[in-house]
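A.B. asks: Dumping the structure here so I can ask a few things about it.
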Amino acid sequence: MLGVSICGAVVAGIYGVIHDQFTYTISEEYFTRFKFHQFAYAEPAGDSPRLFAGIIGFLASWWVGALVGWIFARVSIGRDQRLPSHREVAIFFLIVFSTAATFAFGGWGWGAWRKSTGYAQGWRDWMDASGVIDIESFMTVGYIHNASYMGGIIGTLFALTWLLIIRRRNRLSFDQS
């Protein structure tokens, strides 16, 4: 179970690094006006905002992957009393990763659509108080980040459902033979 949790932490951490490099490109301000303050304790020596964005991506996501990996290992043990195979682990994390990425792209689309409809005044007040200049890009990245977390949750549910279906199908075919 520890191995599956560590695998989840690594996969999620890598996802976070890639994700935050992508979103840093869209809105540096999302990081300089928000995330850099939130993760100030982890600021590396030197002057590399991209490196710091990558560190933030890892720190913001590794623990989610560890938790998802642990949940996956616990559920997979179930009645079978066996840990998942390497193939099942790979497919499980591929489902979670691809669902999170798909939702992130959906968040990007949602952010683009919200540019045309306007943002809630509470958000605008907060961004004004934070000194945000490029409000549209900042909000788009906010939507991407939120959608990515939602995709991770939904991807976990999809992957657990997949696991249970596969295990049940394998048990039924074993019982019939």
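By order in the structure tokens, chains are A, B, ...; within a chain, residues start at 1; ligands start at 1, following the order shown.
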Taking 4 positions as the minimum chain separation for residues in the same chain, which residues sit within 12 Å of Trp113 of chain A when counting only C-alpha atoms? Answer as an MDAnalysis selection string.
C.D. replies: chainID A and resid 106:109 117:119 136:137 139:140 143
A.B. asks: Take the residues just selected and output them with N, CA, C and O atoms as an mmCIF file, in the first residue's frame.
C.D. replies:
```cif
data_model
loop_
_atom_site.group_PDB
_atom_site.id
_atom_site.type_symbol
_atom_site.label_atom_id
_atom_site.label_comp_id
_atom_site.auth_asym_id
_atom_site.auth_seq_id
_atom_site.Cartn_x
_atom_site.Cartn_y
_atom_site.Cartn_z
ATOM 1 N N GLY A 106 -11.116 21.833 -19.786
ATOM 2 C CA GLY A 106 -12.475 22.355 -19.669
ATOM 3 C C GLY A 106 -12.507 23.640 -18.858
ATOM 4 O O GLY A 106 -13.248 24.578 -19.181
ATOM 5 N N GLY A 107 -11.699 23.717 -17.796
ATOM 6 C CA GLY A 107 -11.584 24.942 -17.008
ATOM 7 C C GLY A 107 -11.040 26.092 -17.834
ATOM 8 O O GLY A 107 -11.463 27.242 -17.682
ATOM 9 N N TRP A 108 -10.124 25.778 -18.728
ATOM 10 C CA TRP A 108 -9.583 26.792 -19.631
ATOM 11 C C TRP A 108 -10.704 27.321 -20.535
ATOM 12 O O TRP A 108 -10.861 28.527 -20.708
ATOM 13 N N GLY A 109 -11.493 26.417 -21.070
ATOM 14 C CA GLY A 109 -12.630 26.826 -21.900
ATOM 15 C C GLY A 109 -13.657 27.618 -21.108
ATOM 16 O O GLY A 109 -14.190 28.631 -21.588
ATOM 17 N N THR A 117 -18.732 36.866 -20.324
ATOM 18 C CA THR A 117 -19.925 37.061 -19.491
ATOM 19 C C THR A 117 -19.662 37.893 -18.246
ATOM 20 O O THR A 117 -20.597 38.321 -17.587
ATOM 21 N N GLY A 118 -18.401 38.087 -17.924
ATOM 22 C CA GLY A 118 -18.048 38.880 -16.747
ATOM 23 C C GLY A 118 -17.856 38.019 -15.513
ATOM 24 O O GLY A 118 -18.320 36.888 -15.437
ATOM 25 N N TYR A 119 -17.134 38.550 -14.558
ATOM 26 C CA TYR A 119 -16.816 37.839 -13.320
ATOM 27 C C TYR A 119 -17.617 38.416 -12.172
ATOM 28 O O TYR A 119 -18.003 39.581 -12.192
ATOM 29 N N GLU A 136 -8.486 38.789 -16.758
ATOM 30 C CA GLU A 136 -8.983 37.655 -17.540
ATOM 31 C C GLU A 136 -8.051 36.453 -17.454
ATOM 32 O O GLU A 136 -8.500 35.328 -17.233
ATOM 33 N N SER A 137 -6.771 36.669 -17.610
ATOM 34 C CA SER A 137 -5.821 35.556 -17.542
ATOM 35 C C SER A 137 -5.758 34.974 -16.134
ATOM 36 O O SER A 137 -5.690 33.752 -15.956
ATOM 37 N N MET A 139 -8.136 34.941 -13.864
ATOM 38 C CA MET A 139 -9.344 34.151 -13.620
ATOM 39 C C MET A 139 -9.343 32.856 -14.424
ATOM 40 O O MET A 139 -9.782 31.817 -13.930
ATOM 41 N N THR A 140 -8.846 32.906 -15.642
ATOM 42 C CA THR A 140 -8.774 31.688 -16.449
ATOM 43 C C THR A 140 -7.919 30.640 -15.747
ATOM 44 O O THR A 140 -8.301 29.469 -15.644
ATOM 45 N N TYR A 143 -9.781 29.148 -12.872
ATOM 46 C CA TYR A 143 -10.731 28.130 -13.336
ATOM 47 C C TYR A 143 -10.012 26.830 -13.709
ATOM 48 O O TYR A 143 -10.511 25.733 -13.427
#
```
A.B. asks: So that I can see what lies close to Trp126 of chain A, please list as a PyMOL selection string the residues with an atom at most 12 Å from it, counting only C-alpha atoms and leaving out residues fewer than 4 positions away in the same chain.
C.D. replies: chain A and resi 33-34+119-122+130-133+135+138-139
A.B. asks: Just to be explicit: take each residue in the selection above, keep N, CA and C atoms, and write the result as a JSON list (two decimals), in the first residue's frame.
C.D. replies:
```json
[["chain", "number", "residue", "atom", "x", "y", "z"],
["A", 33, "ARG", "N", 0.91, 37.11, -7.58],
["A", 33, "ARG", "CA", -0.04, 37.81, -6.71],
["A", 33, "ARG", "C", -0.79, 36.89, -5.75],
["A", 34, "PHE", "N", -0.67, 35.57, -5.97],
["A", 34, "PHE", "CA", -1.46, 34.64, -5.15],
["A", 34, "PHE", "C", -0.63, 33.45, -4.68],
["A", 119, "TYR", "N", -17.13, 38.55, -14.56],
["A", 119, "TYR", "CA", -16.82, 37.84, -13.32],
["A", 119, "TYR", "C", -17.62, 38.42, -12.17],
["A", 120, "ALA", "N", -17.83, 37.62, -11.15],
["A", 120, "ALA", "CA", -18.56, 38.07, -9.97],
["A", 120, "ALA", "C", -17.81, 39.23, -9.30],
["A", 121, "GLN", "N", -18.56, 40.16, -8.75],
["A", 121, "GLN", "CA", -17.96, 41.34, -8.14],
["A", 121, "GLN", "C", -17.01, 40.99, -7.00],
["A", 122, "GLY", "N", -17.34, 39.97, -6.23],
["A", 122, "GLY", "CA", -16.45, 39.56, -5.14],
["A", 122, "GLY", "C", -15.07, 39.18, -5.64],
["A", 130, "SER", "N", -5.62, 42.81, -4.65],
["A", 130, "SER", "CA", -4.34, 42.10, -4.82],
["A", 130, "SER", "C", -3.46, 42.74, -5.88],
["A", 131, "GLY", "N", -3.98, 43.74, -6.58],
["A", 131, "GLY", "CA", -3.21, 44.43, -7.60],
["A", 131, "GLY", "C", -3.11, 43.70, -8.92],
["A", 132, "VAL", "N", -4.07, 42.82, -9.19],
["A", 132, "VAL", "CA", -4.05, 42.06, -10.45],
["A", 132, "VAL", "C", -4.37, 43.00, -11.61],
["A", 133, "ILE", "N", -3.54, 42.94, -12.64],
["A", 133, "ILE", "CA", -3.72, 43.79, -13.82],
["A", 133, "ILE", "C", -4.47, 43.03, -14.92],
["A", 135, "ILE", "N", -6.84, 40.65, -15.40],
["A", 135, "ILE", "CA", -7.91, 39.94, -14.69],
["A", 135, "ILE", "C", -8.36, 38.69, -15.45],
["A", 138, "PHE", "N", -5.78, 35.84, -15.13],
["A", 138, "PHE", "CA", -5.76, 35.41, -13.74],
["A", 138, "PHE", "C", -6.96, 34.50, -13.46],
["A", 139, "MET", "N", -8.14, 34.94, -13.86],
["A", 139, "MET", "CA", -9.34, 34.15, -13.62],
["A", 139, "MET", "C", -9.34, 32.86, -14.42]]
```
A.B. asks: Looking at A:Thr25, A:Asp125, A:Ser76, A:Ser148, which one is nearest to Arg168 of chain A, with distances taken over only C-alpha atoms?
C.D. replies: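 The answer is A:Ser76, which sits nearest to Arg168 of chain A.
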A.B. asks: Where in chain A does DSSP assign alpha helix (DSSP H), given as a ChimeraX atom specification?
C.D. replies: /A:2-26,28-30,36-38,49-77,86-117,121-130,135-176
A.B. asks: Counting only C-alpha atoms, which residue out of A:Ile95, A:Ala42, A:Ile6, A:Ala147 sits closest to Thr161 of chain A?
C.D. replies: A:Ile95
A.B. asks: Using only C-alpha atoms, which of the listed residues (A:Lys35, A:Arg50, A:His145, A:Arg124) sits closest to Tyr15 of chain A?
C.D. replies: A:His145
A.B. asks: Would you pick out the contacts of Val10 of chain A at 12 Å or less, using only C-alpha atoms, so that residues sharing its chain but fewer than 2 positions from it are not included, and give the list as a list in words?
C.D. replies: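 My reading of the contact set: Gly3, Val4, Ser5, Ile6, Cys7, Gly8, Ala12, Gly13, Ile14, Tyr15, Gly16, Val17, Gly57, Phe58, Leu59, Ser61, Trp62, Trp63, Val64, Gly65, Ala66, Leu67, Val68, Gly69, Phe93 and Phe97 of chain A.
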A.B. asks: In Å, how far is it from atom CA of Phe103 of chain A to atom CA of Phe72 of chain A?
C.D. replies: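 Between these atoms lies a distance of 20.6 Å.
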A.B. asks: What's the separation between atom CA of Ala60 of chain A and atom CA of Arg74 of chain A, in Å to one decimal place?
C.D. replies: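 Distance reported for this atom pair: 23.1 Å.
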A.B. asks: Hey, what's within 12 Å of Ile71 of chain A if we count only C-alpha atoms and toss same-chain stuff fewer than 6 positions away? As JSON, numbers by chain, please?
C.D. replies: {"A": [1, 2, 4, 5, 8, 64, 65, 77, 78, 83, 84, 89, 92, 153, 156, 157, 159, 160, 163]}
A.B. asks: What is the distance between atom CA of Gly142 of chain A and atom CA of Phe52 of chain A, in Å to one decimal?
C.D. replies: 17.7 Å
A.B. asks: A:Ala9, A:Ala73, A:Ala104, A:Tyr149: which is nearest His86 of chain A, counting only C-alpha atoms?
C.D. replies: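 Looking at the shortest contact to His86 of chain A, the residue is A:Ala73.
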A.B. asks: Using only C-alpha atoms, which residue out of A:Ala90, A:Met150, A:Leu164, A:Val141 lies closest to Lys115 of chain A?
C.D. replies: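 Of the candidates, the smallest distance to Lys115 of chain A is held by A:Val141.
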A.B. asks: Find, counting only C-alpha atoms, the residue in A:Phe39, A:Trp110, A:Trp123, A:Trp70 that gets nearest to Ile144 of chain A.
C.D. replies: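 So, comparing all the options, the nearest one is A:Trp110.
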